[in-house]
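Content type PDB, C-alpha atoms, pLDDT in the B column, from the file upload_22.pdb:
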MODEL        1
ATOM      1  CA  MET Y  13       9.817  -8.150   9.243  1.00 91.00           C
ATOM      2  CA  THR Y  14       8.342  -7.968   5.744  1.00 98.00           C
ATOM      3  CA  ILE Y  15      10.813  -6.770   3.101  1.00 98.00           C
ATOM      4  CA  THR Y  16       9.151  -5.132   0.105  1.00 98.00           C
ATOM      5  CA  PHE Y  17      10.749  -4.024  -3.158  1.00 98.00           C
ATOM      6  CA  ILE Y  18       8.842  -1.450  -5.247  1.00 98.00           C
ATOM      7  CA  THR Y  19       9.773  -0.314  -8.749  1.00 98.00           C
ATOM      8  CA  GLY Y  20       9.091   3.229  -9.934  1.00 97.00           C
ATOM      9  CA  ALA Y  21       8.704   4.341  -6.332  1.00 97.00           C
ATOM     10  CA  ASN Y  22      10.155   7.853  -6.335  1.00 96.00           C
ATOM     11  CA  LYS Y  23       6.772   9.482  -7.063  1.00 92.00           C
ATOM     12  CA  GLY Y  24       3.055   8.895  -7.503  1.00 91.00           C
ATOM     13  CA  LEU Y  25       1.526   5.552  -6.607  1.00 93.00           C
ATOM     14  CA  GLY Y  26       4.891   3.942  -5.941  1.00 95.00           C
ATOM     15  CA  ARG Y  27       5.979   6.587  -3.471  1.00 96.00           C
ATOM     16  CA  GLU Y  28       2.651   6.567  -1.657  1.00 95.00           C
ATOM     17  CA  THR Y  29       2.720   2.777  -1.477  1.00 97.00           C
ATOM     18  CA  ALA Y  30       6.209   2.982  -0.006  1.00 98.00           C
ATOM     19  CA  ARG Y  31       5.107   5.578   2.544  1.00 97.00           C
ATOM     20  CA  ARG Y  32       2.142   3.518   3.690  1.00 97.00           C
ATOM     21  CA  LEU Y  33       4.063   0.263   3.919  1.00 98.00           C
ATOM     22  CA  VAL Y  34       6.875   1.879   5.908  1.00 98.00           C
ATOM     23  CA  GLU Y  35       4.224   3.106   8.349  1.00 98.00           C
ATOM     24  CA  LEU Y  36       2.886  -0.456   8.568  1.00 98.00           C
ATOM     25  CA  GLY Y  37       6.310  -1.761   9.536  1.00 97.00           C
ATOM     26  CA  HIS Y  38       7.661  -3.031   6.219  1.00 98.00           C
ATOM     27  CA  THR Y  39      11.302  -2.669   5.312  1.00 98.00           C
ATOM     28  CA  VAL Y  40      10.839  -0.905   1.987  1.00 98.00           C
ATOM     29  CA  LEU Y  41      13.384  -1.005  -0.808  1.00 98.00           C
ATOM     30  CA  LEU Y  42      12.530   1.941  -3.022  1.00 98.00           C
ATOM     31  CA  GLY Y  43      13.459   1.220  -6.627  1.00 98.00           C
ATOM     32  CA  ALA Y  44      13.788   4.102  -9.080  1.00 98.00           C
ATOM     33  CA  ARG Y  45      15.694   4.975 -12.238  1.00 97.00           C
ATOM     34  CA  ASP Y  46      16.457   8.562 -11.205  1.00 96.00           C
ATOM     35  CA  ARG Y  47      19.079   8.430  -8.448  1.00 97.00           C
ATOM     36  CA  GLU Y  48      18.522  11.954  -7.129  1.00 97.00           C
ATOM     37  CA  ARG Y  49      14.749  11.588  -6.863  1.00 97.00           C
ATOM     38  CA  GLY Y  50      15.039   8.051  -5.553  1.00 98.00           C
ATOM     39  CA  GLU Y  51      17.466   8.998  -2.806  1.00 98.00           C
ATOM     40  CA  GLU Y  52      15.310  11.981  -1.840  1.00 97.00           C
ATOM     41  CA  ALA Y  53      12.173   9.862  -1.615  1.00 98.00           C
ATOM     42  CA  ALA Y  54      13.895   7.091   0.336  1.00 98.00           C
ATOM     43  CA  ALA Y  55      15.339   9.552   2.838  1.00 98.00           C
ATOM     44  CA  ALA Y  56      11.984  11.253   3.309  1.00 98.00           C
ATOM     45  CA  LEU Y  57      10.088   7.999   3.826  1.00 98.00           C
ATOM     46  CA  GLY Y  58      12.561   5.926   5.816  1.00 98.00           C
ATOM     47  CA  ALA Y  59      13.183   3.463   2.989  1.00 98.00           C
ATOM     48  CA  ARG Y  60      16.374   2.263   1.297  1.00 98.00           C
ATOM     49  CA  PHE Y  61      17.007   3.412  -2.257  1.00 98.00           C
ATOM     50  CA  VAL Y  62      17.960   0.778  -4.826  1.00 98.00           C
ATOM     51  CA  PRO Y  63      18.724   2.087  -8.327  1.00 98.00           C
ATOM     52  CA  VAL Y  64      16.870   0.156 -11.024  1.00 98.00           C
ATOM     53  CA  ASP Y  65      15.916   0.813 -14.630  1.00 98.00           C
ATOM     54  CA  VAL Y  66      13.349  -1.830 -15.541  1.00 98.00           C
ATOM     55  CA  THR Y  67      14.187  -1.459 -19.258  1.00 98.00           C
ATOM     56  CA  ASP Y  68      17.803  -2.507 -18.744  1.00 98.00           C
ATOM     57  CA  ASP Y  69      18.877  -6.107 -18.045  1.00 98.00           C
ATOM     58  CA  GLU Y  70      22.131  -5.113 -16.364  1.00 98.00           C
ATOM     59  CA  SER Y  71      20.436  -2.563 -14.116  1.00 98.00           C
ATOM     60  CA  VAL Y  72      17.815  -5.082 -12.981  1.00 98.00           C
ATOM     61  CA  ALA Y  73      20.460  -7.737 -12.342  1.00 98.00           C
ATOM     62  CA  ALA Y  74      22.509  -5.235 -10.333  1.00 98.00           C
ATOM     63  CA  ALA Y  75      19.458  -4.309  -8.251  1.00 98.00           C
ATOM     64  CA  ALA Y  76      18.755  -7.962  -7.457  1.00 98.00           C
ATOM     65  CA  ALA Y  77      22.411  -8.504  -6.541  1.00 98.00           C
ATOM     66  CA  ASP Y  78      22.326  -5.422  -4.300  1.00 98.00           C
ATOM     67  CA  VAL Y  79      19.308  -6.760  -2.418  1.00 98.00           C
ATOM     68  CA  ALA Y  80      20.767 -10.273  -2.235  1.00 98.00           C
ATOM     69  CA  GLY Y  81      23.906  -8.859  -0.662  1.00 98.00           C
ATOM     70  CA  ARG Y  82      22.133  -6.568   1.807  1.00 98.00           C
ATOM     71  CA  GLU Y  83      18.776  -8.062   2.795  1.00 98.00           C
ATOM     72  CA  GLY Y  84      19.206 -11.578   1.416  1.00 98.00           C
ATOM     73  CA  ARG Y  85      15.554 -11.946   0.433  1.00 98.00           C
ATOM     74  CA  ILE Y  86      12.354 -10.092  -0.284  1.00 98.00           C
ATOM     75  CA  ASP Y  87       8.832 -11.017   0.775  1.00 98.00           C
ATOM     76  CA  VAL Y  88       6.846  -8.758  -1.557  1.00 98.00           C
ATOM     77  CA  LEU Y  89       7.655  -7.506  -5.053  1.00 98.00           C
ATOM     78  CA  ILE Y  90       5.526  -4.641  -6.355  1.00 98.00           C
ATOM     79  CA  ASN Y  91       5.938  -4.105 -10.100  1.00 98.00           C
ATOM     80  CA  ASN Y  92       4.723  -0.510 -10.175  1.00 97.00           C
ATOM     81  CA  ALA Y  93       6.901   1.273 -12.766  1.00 97.00           C
ATOM     82  CA  GLY Y  94       4.821   2.462 -15.693  1.00 95.00           C
ATOM     83  CA  VAL Y  95       4.506   5.014 -18.500  1.00 94.00           C
ATOM     84  CA  HIS Y  96       1.374   6.187 -20.296  1.00 89.00           C
ATOM     85  CA  GLY Y  97       2.582   6.683 -23.864  1.00 89.00           C
ATOM     86  CA  PRO Y  98       0.647   8.784 -26.404  1.00 87.00           C
ATOM     87  CA  PHE Y  99      -3.008   9.727 -26.162  1.00 85.00           C
ATOM     88  CA  GLY Y 100      -5.333  10.135 -29.112  1.00 86.00           C
ATOM     89  CA  ASP Y 101      -5.188   9.024 -32.746  1.00 88.00           C
ATOM     90  CA  PRO Y 102      -3.769   5.482 -33.034  1.00 90.00           C
ATOM     91  CA  GLY Y 103      -2.952   6.279 -36.640  1.00 92.00           C
ATOM     92  CA  GLU Y 104       0.016   8.277 -35.395  1.00 90.00           C
ATOM     93  CA  LEU Y 105       1.629   5.381 -33.505  1.00 95.00           C
ATOM     94  CA  THR Y 106       5.129   4.165 -34.309  1.00 96.00           C
ATOM     95  CA  GLY Y 107       6.880   0.892 -33.673  1.00 96.00           C
ATOM     96  CA  ALA Y 108       9.538   2.635 -31.617  1.00 97.00           C
ATOM     97  CA  GLY Y 109       6.911   4.323 -29.473  1.00 96.00           C
ATOM     98  CA  ALA Y 110       5.118   1.051 -28.889  1.00 96.00           C
ATOM     99  CA  LEU Y 111       8.342  -0.669 -27.882  1.00 97.00           C
ATOM    100  CA  ALA Y 112       9.127   2.129 -25.427  1.00 97.00           C
ATOM    101  CA  VAL Y 113       5.803   1.702 -23.594  1.00 97.00           C
ATOM    102  CA  PHE Y 114       5.867  -2.098 -23.578  1.00 98.00           C
ATOM    103  CA  GLN Y 115       9.501  -2.106 -22.429  1.00 98.00           C
ATOM    104  CA  VAL Y 116       8.381  -0.506 -19.159  1.00 98.00           C
ATOM    105  CA  ASN Y 117       4.818  -1.689 -18.631  1.00 98.00           C
ATOM    106  CA  LEU Y 118       5.193  -5.324 -19.650  1.00 98.00           C
ATOM    107  CA  ILE Y 119       8.719  -6.440 -20.480  1.00 98.00           C
ATOM    108  CA  GLY Y 120      10.058  -4.604 -17.437  1.00 98.00           C
ATOM    109  CA  VAL Y 121       7.764  -6.712 -15.262  1.00 98.00           C
ATOM    110  CA  VAL Y 122       9.217  -9.859 -16.837  1.00 98.00           C
ATOM    111  CA  ARG Y 123      12.784  -8.663 -16.257  1.00 98.00           C
ATOM    112  CA  VAL Y 124      12.233  -7.733 -12.632  1.00 98.00           C
ATOM    113  CA  THR Y 125      10.152 -10.788 -11.800  1.00 98.00           C
ATOM    114  CA  THR Y 126      12.727 -13.191 -13.228  1.00 98.00           C
ATOM    115  CA  ALA Y 127      15.589 -11.449 -11.425  1.00 98.00           C
ATOM    116  CA  PHE Y 128      13.816 -11.298  -8.057  1.00 98.00           C
ATOM    117  CA  LEU Y 129      12.131 -14.719  -7.984  1.00 98.00           C
ATOM    118  CA  PRO Y 130      15.156 -16.352  -6.308  1.00 98.00           C
ATOM    119  CA  LEU Y 131      14.980 -13.733  -3.542  1.00 98.00           C
ATOM    120  CA  LEU Y 132      11.218 -14.204  -3.170  1.00 98.00           C
ATOM    121  CA  ARG Y 133      11.678 -17.941  -2.838  1.00 98.00           C
ATOM    122  CA  ARG Y 134      13.741 -17.358   0.305  1.00 98.00           C
ATOM    123  CA  SER Y 135      10.585 -15.915   1.941  1.00 98.00           C
ATOM    124  CA  ASP Y 136       8.088 -17.884   4.005  1.00 96.00           C
ATOM    125  CA  ASP Y 137       5.184 -16.083   2.302  1.00 96.00           C
ATOM    126  CA  PRO Y 138       6.274 -14.552  -1.027  1.00 98.00           C
ATOM    127  CA  ALA Y 139       3.971 -12.318  -3.053  1.00 98.00           C
ATOM    128  CA  ILE Y 140       4.107 -10.359  -6.305  1.00 98.00           C
ATOM    129  CA  ILE Y 141       1.770  -7.472  -7.058  1.00 98.00           C
ATOM    130  CA  ASN Y 142       1.594  -6.184 -10.626  1.00 98.00           C
ATOM    131  CA  VAL Y 143       0.132  -2.702 -10.813  1.00 97.00           C
ATOM    132  CA  SER Y 144      -2.193  -2.988 -13.800  1.00 94.00           C
ATOM    133  CA  SER Y 145      -5.248  -0.891 -14.672  1.00 86.00           C
ATOM    134  CA  GLY Y 146      -8.921  -1.051 -15.488  1.00 76.00           C
ATOM    135  CA  MET Y 147      -7.809   0.703 -18.675  1.00 77.00           C
ATOM    136  CA  GLY Y 148      -6.696  -2.737 -19.846  1.00 72.00           C
ATOM    137  CA  SER Y 149     -10.156  -4.250 -19.331  1.00 73.00           C
ATOM    138  CA  LEU Y 150     -12.323  -4.869 -22.397  1.00 73.00           C
ATOM    139  CA  ALA Y 151     -15.459  -4.624 -20.275  1.00 76.00           C
ATOM    140  CA  LEU Y 152     -14.591  -1.356 -18.536  1.00 77.00           C
ATOM    141  CA  THR Y 153     -13.276   0.424 -21.620  1.00 73.00           C
ATOM    142  CA  HIS Y 154     -16.542  -0.405 -23.423  1.00 76.00           C
ATOM    143  CA  ASP Y 155     -18.835   0.644 -20.571  1.00 69.00           C
ATOM    144  CA  PRO Y 156     -20.026   4.253 -21.143  1.00 81.00           C
ATOM    145  CA  ALA Y 157     -20.711   4.601 -17.425  1.00 77.00           C
ATOM    146  CA  ARG Y 158     -17.011   4.128 -16.650  1.00 77.00           C
ATOM    147  CA  PRO Y 159     -14.306   6.804 -17.050  1.00 74.00           C
ATOM    148  CA  GLU Y 160     -12.085   4.208 -18.749  1.00 70.00           C
ATOM    149  CA  SER Y 161     -14.404   4.264 -21.785  1.00 66.00           C
ATOM    150  CA  GLY Y 162     -13.709   7.899 -22.598  1.00 71.00           C
ATOM    151  CA  VAL Y 163      -9.924   7.702 -22.920  1.00 76.00           C
ATOM    152  CA  VAL Y 164      -7.980   6.836 -26.065  1.00 75.00           C
ATOM    153  CA  ALA Y 165      -4.534   5.713 -24.894  1.00 83.00           C
ATOM    154  CA  PRO Y 166      -3.790   2.835 -27.246  1.00 90.00           C
ATOM    155  CA  LEU Y 167      -0.388   1.719 -26.035  1.00 94.00           C
ATOM    156  CA  TYR Y 168      -1.086   2.138 -22.328  1.00 92.00           C
ATOM    157  CA  THR Y 169      -4.340   0.194 -22.538  1.00 92.00           C
ATOM    158  CA  ALA Y 170      -2.803  -2.551 -24.673  1.00 93.00           C
ATOM    159  CA  SER Y 171       0.170  -2.918 -22.340  1.00 95.00           C
ATOM    160  CA  LYS Y 172      -2.076  -3.169 -19.288  1.00 94.00           C
ATOM    161  CA  ALA Y 173      -4.323  -5.725 -20.983  1.00 93.00           C
ATOM    162  CA  ALA Y 174      -1.186  -7.745 -21.668  1.00 95.00           C
ATOM    163  CA  LEU Y 175      -0.031  -7.316 -18.080  1.00 96.00           C
ATOM    164  CA  THR Y 176      -3.261  -8.665 -16.624  1.00 94.00           C
ATOM    165  CA  MET Y 177      -2.977 -11.765 -18.850  1.00 95.00           C
ATOM    166  CA  LEU Y 178       0.683 -12.136 -17.933  1.00 97.00           C
ATOM    167  CA  THR Y 179      -0.320 -12.039 -14.277  1.00 97.00           C
ATOM    168  CA  THR Y 180      -2.776 -14.907 -14.714  1.00 96.00           C
ATOM    169  CA  GLN Y 181      -0.119 -16.965 -16.472  1.00 97.00           C
ATOM    170  CA  TYR Y 182       2.422 -16.337 -13.731  1.00 98.00           C
ATOM    171  CA  ALA Y 183      -0.177 -17.279 -11.132  1.00 97.00           C
ATOM    172  CA  LYS Y 184      -0.906 -20.550 -12.936  1.00 97.00           C
ATOM    173  CA  GLY Y 185       2.715 -21.426 -13.580  1.00 98.00           C
ATOM    174  CA  VAL Y 186       4.493 -20.215 -10.441  1.00 98.00           C
ATOM    175  CA  LYS Y 187       2.795 -22.161  -7.685  1.00 94.00           C
ATOM    176  CA  ASP Y 188       5.062 -21.205  -4.790  1.00 96.00           C
ATOM    177  CA  VAL Y 189       4.489 -17.427  -5.015  1.00 98.00           C
ATOM    178  CA  ARG Y 190       1.195 -15.544  -4.610  1.00 98.00           C
ATOM    179  CA  ILE Y 191       0.813 -13.371  -7.741  1.00 98.00           C
ATOM    180  CA  ASN Y 192      -1.981 -10.833  -8.200  1.00 98.00           C
ATOM    181  CA  ALA Y 193      -2.757  -7.641 -10.115  1.00 97.00           C
ATOM    182  CA  ALA Y 194      -4.031  -4.363  -8.691  1.00 96.00           C
ATOM    183  CA  ASP Y 195      -6.173  -1.710 -10.361  1.00 92.00           C
ATOM    184  CA  PRO Y 196      -5.495   1.630  -8.663  1.00 90.00           C
ATOM    185  CA  GLY Y 197      -8.472   3.305 -10.364  1.00 74.00           C
ATOM    186  CA  TYR Y 198      -8.539   6.805 -11.816  1.00 63.00           C
ATOM    187  CA  THR Y 199      -6.038   8.449  -9.515  1.00 59.00           C
ATOM    188  CA  ALA Y 200      -4.521  11.925  -9.721  1.00 44.00           C
ATOM    189  CA  THR Y 201      -0.870  11.339 -10.689  1.00 58.00           C
ATOM    190  CA  ASP Y 202       1.662  12.649 -13.199  1.00 57.00           C
ATOM    191  CA  LEU Y 203       0.568   9.811 -15.496  1.00 57.00           C
ATOM    192  CA  ASN Y 204      -2.747  11.564 -16.244  1.00 53.00           C
ATOM    193  CA  GLY Y 205      -1.808  15.169 -15.548  1.00 56.00           C
ATOM    194  CA  HIS Y 206      -3.410  14.875 -12.081  1.00 52.00           C
ATOM    195  CA  SER Y 207      -6.869  14.662 -13.653  1.00 52.00           C
ATOM    196  CA  GLY Y 208      -7.947  11.604 -11.671  1.00 48.00           C
ATOM    197  CA  PHE Y 209     -10.734  11.922  -9.117  1.00 48.00           C
ATOM    198  CA  GLN Y 210      -9.089   9.674  -6.529  1.00 62.00           C
ATOM    199  CA  THR Y 211      -6.329  10.764  -4.191  1.00 84.00           C
ATOM    200  CA  VAL Y 212      -3.015   8.969  -4.415  1.00 79.00           C
ATOM    201  CA  THR Y 213      -3.800   7.347  -1.073  1.00 86.00           C
ATOM    202  CA  GLU Y 214      -7.075   5.967  -2.413  1.00 87.00           C
ATOM    203  CA  GLY Y 215      -5.229   4.797  -5.493  1.00 87.00           C
ATOM    204  CA  THR Y 216      -2.877   2.681  -3.412  1.00 94.00           C
ATOM    205  CA  ASP Y 217      -5.574   0.974  -1.341  1.00 94.00           C
ATOM    206  CA  ALA Y 218      -5.636  -2.175  -3.473  1.00 94.00           C
ATOM    207  CA  ILE Y 219      -1.850  -2.378  -3.682  1.00 96.00           C
ATOM    208  CA  VAL Y 220      -1.407  -2.023   0.067  1.00 97.00           C
ATOM    209  CA  ALA Y 221      -4.187  -4.538   0.751  1.00 96.00           C
ATOM    210  CA  LEU Y 222      -2.471  -7.130  -1.441  1.00 97.00           C
ATOM    211  CA  ALA Y 223       0.932  -6.367   0.093  1.00 97.00           C
ATOM    212  CA  THR Y 224      -0.331  -6.919   3.625  1.00 97.00           C
ATOM    213  CA  GLU Y 225      -2.362 -10.096   3.159  1.00 96.00           C
ATOM    214  CA  GLY Y 226      -1.534 -13.047   5.327  1.00 87.00           C
ATOM    215  CA  PRO Y 227      -0.404 -16.528   4.292  1.00 88.00           C
ATOM    216  CA  GLY Y 228      -2.980 -18.470   2.348  1.00 85.00           C
ATOM    217  CA  ALA Y 229      -4.500 -15.502   0.532  1.00 91.00           C
ATOM    218  CA  GLY Y 230      -5.476 -16.207  -3.054  1.00 94.00           C
ATOM    219  CA  THR Y 231      -3.444 -15.953  -6.213  1.00 97.00           C
ATOM    220  CA  GLY Y 232      -4.390 -14.996  -9.771  1.00 96.00           C
ATOM    221  CA  ARG Y 233      -6.737 -12.183  -8.733  1.00 96.00           C
ATOM    222  CA  PHE Y 234      -7.385  -8.704 -10.120  1.00 94.00           C
ATOM    223  CA  VAL Y 235      -8.199  -6.398  -7.207  1.00 93.00           C
ATOM    224  CA  SER Y 236      -9.402  -2.796  -6.919  1.00 86.00           C
ATOM    225  CA  ARG Y 237     -10.091  -0.800  -3.782  1.00 81.00           C
ATOM    226  CA  GLU Y 238     -13.716  -2.009  -4.027  1.00 81.00           C
ATOM    227  CA  GLY Y 239     -12.709  -5.674  -4.097  1.00 75.00           C
ATOM    228  CA  GLU Y 240     -11.982  -8.432  -6.577  1.00 83.00           C
ATOM    229  CA  MET Y 241     -12.597  -7.649 -10.264  1.00 74.00           C
ATOM    230  CA  SER Y 242     -13.393  -9.711 -13.315  1.00 76.00           C
ATOM    231  CA  TRP Y 243     -10.515 -10.338 -15.717  1.00 69.00           C
ATOM    232  CA  SER Y 244     -12.706  -9.445 -18.715  1.00 62.00           C
TER     233      SER Y 244
ENDMDL
END
Please re-express this file's structure in structure tokens.
Amino acid sequence: MTITFITGANKGLGRETARRLVELGHTVLLGARDRERGEEAAAALGARFVPVDVTDDESVAAAAADVAGREGRIDVLINNAGVHGPFGDPGELTGAGALAVFQVNLIGVVRVTTAFLPLLRRSDDPAIINVSSGMGSLALTHDPARPESGVVAPLYTASKAALTMLTTQYAKGVKDVRINAADPGYTATDLNGHSGFQTVTEGTDAIVALATEGPGAGTGRFVSREGEMSWS
């Protein structure tokens, strides 16, 4: 049975990913910072709640130890936790605000990946999926035909651009684990005030597709629900 750990899974894309993977037969470990919401979501979906705050080294280490003691391994890690940060005038940004966004969207991925790699390496077919965004694409954010071009979210876009590059570097350097990035697309979630035109189910199509691939599937890819994307 495939064991999948998902961060930020008490709501939005993470929760819907958990729901779909449970239905597909995965043992889902639902990671969330908020214990009450995490326990509620896990109980509703048939998952197991694992408390984790991706901005805290001790919390991430405790989550990995919890899974090591209970399941002994994971097969799929989905780095989903994310925050949007401020919209609008970049002239109003602060260093503290930038650190807060990057702590979740980028550095949190590093923390969790490092902590869970030993558990992934106990799997016969380990995979990591980083939930990135077309908002981090230079091409898409400069294409007036795309919704990404009309949004000014400086820290979110910068953190996702960094995450896509980080994914390629992991894929090049970690040869024994399949590592890819997913672009959910413009999906109605709390992150954008539910303004997205896709449903949360549509927004998880790429994530679920990557989480259910068989052995031998490619690494170092950026995938949307329409298929593989350019890294530009």
(message) With only C-alpha atoms as the counted atoms, please give the residues lying no more than 9 Å from segment 107-121 of chain Y, apart from itself and same-chain residues fewer than 3 positions off, as a PyMOL selection string.
(response) chain Y and resi 65-69+72+91-98+124-126+142+144+167-168+170-172+174-175+178
(message) Env of Ala223 of chain Y: 10 Å cut, atoms = all atoms listed in the file, seq-sep filter 5 positions within chain, self excluded. Answer as an MDAnalysis selection string.
(response) chainID Y and resid 14 16 29 33 38 87:90 138:141 192 217:218
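With all atoms listed in the file as the basis for measurement, Y:Ile219 is the residue among Y:Ile219, Y:Gly50, Y:Glu104, Y:Val79 that approaches Phe234 of chain Y most closely.
One distance worth recording is that between atom CA of Leu41 of chain Y and atom CA of Gly197 of chain Y, which is 24.2 Å.
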(message) What's the separation between atom CA of Thr19 of chain Y and atom CA of Glu240 of chain Y, in Å to one decimal place?
(response) 23.3 Å
(message) List the spatial neighbours of Leu131 of chain Y as a list in words - criterion: any atom at most 7 Å away, all atoms listed in the file, same-chain residues fewer than 4 positions off excluded.
(response) Ala80, Gly84, Arg85 and Ile86 of chain Y
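Interatomic distance, atom CA of Arg31 of chain Y against atom CA of Gly148 of chain Y: 26.6 Å.
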(message) Ranking Y:Val235, Y:Leu150, Y:Met13, Y:Ala30 by minimum distance to Ala54 of chain Y and counting all atoms listed in the file, which one comes first?
(response) Y:Ala30
Padding of 5 Å on every side, edges along x, y and z, all listed atoms of segment 65-83 of chain Y included: what centre and edge lengths in Å, to one decimal, does that box have, as lines of an AutoDock Vina configuration file?
center_x = 18.6
center_y = -4.7
center_z = -8.2
size_x = 20.6
size_y = 21.1
size_z = 32.1
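Using all atoms listed in the file, the protein and nucleic acid residues lying at most 10 Å from the point (7.9, 6.3, 1.6) are Y:Ala21, Y:Asn22, Y:Lys23, Y:Gly26, Y:Arg27, Y:Glu28, Y:Thr29, Y:Ala30, Y:Arg31, Y:Arg32, Y:Leu33, Y:Val34, Y:Glu35, Y:Val40, Y:Leu41, Y:Leu42, Y:Glu52, Y:Ala53, Y:Ala54, Y:Ala55, Y:Ala56, Y:Leu57, Y:Gly58, Y:Ala59, Y:Arg60.
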(message) I need the residue nearest Ala44 of chain Y from this list: Y:Ala183, Y:Ile15, Y:Leu222, Y:Ala75. Use only C-alpha atoms for the distance.
(response) Y:Ala75
(message) Let me make sure I understand: among Y:Val143, Y:Ala165, Y:Pro159, Y:Leu25, which one has the smallest atom-to-atom distance to Arg233 of chain Y if we use only C-alpha atoms?
(response) Y:Val143
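In this comparison, which uses all atoms listed in the file, the residue of Y:Arg133, Y:Glu238, Y:Glu83, Y:Thr231 approaching Lys184 of chain Y most closely is Y:Thr231.
Minimum atom-to-atom distance to Gly232 of chain Y, evaluated using all atoms listed in the file, belongs to Y:Gly185 out of Y:Gly100, Y:Gly81, Y:Gly37, Y:Gly185.
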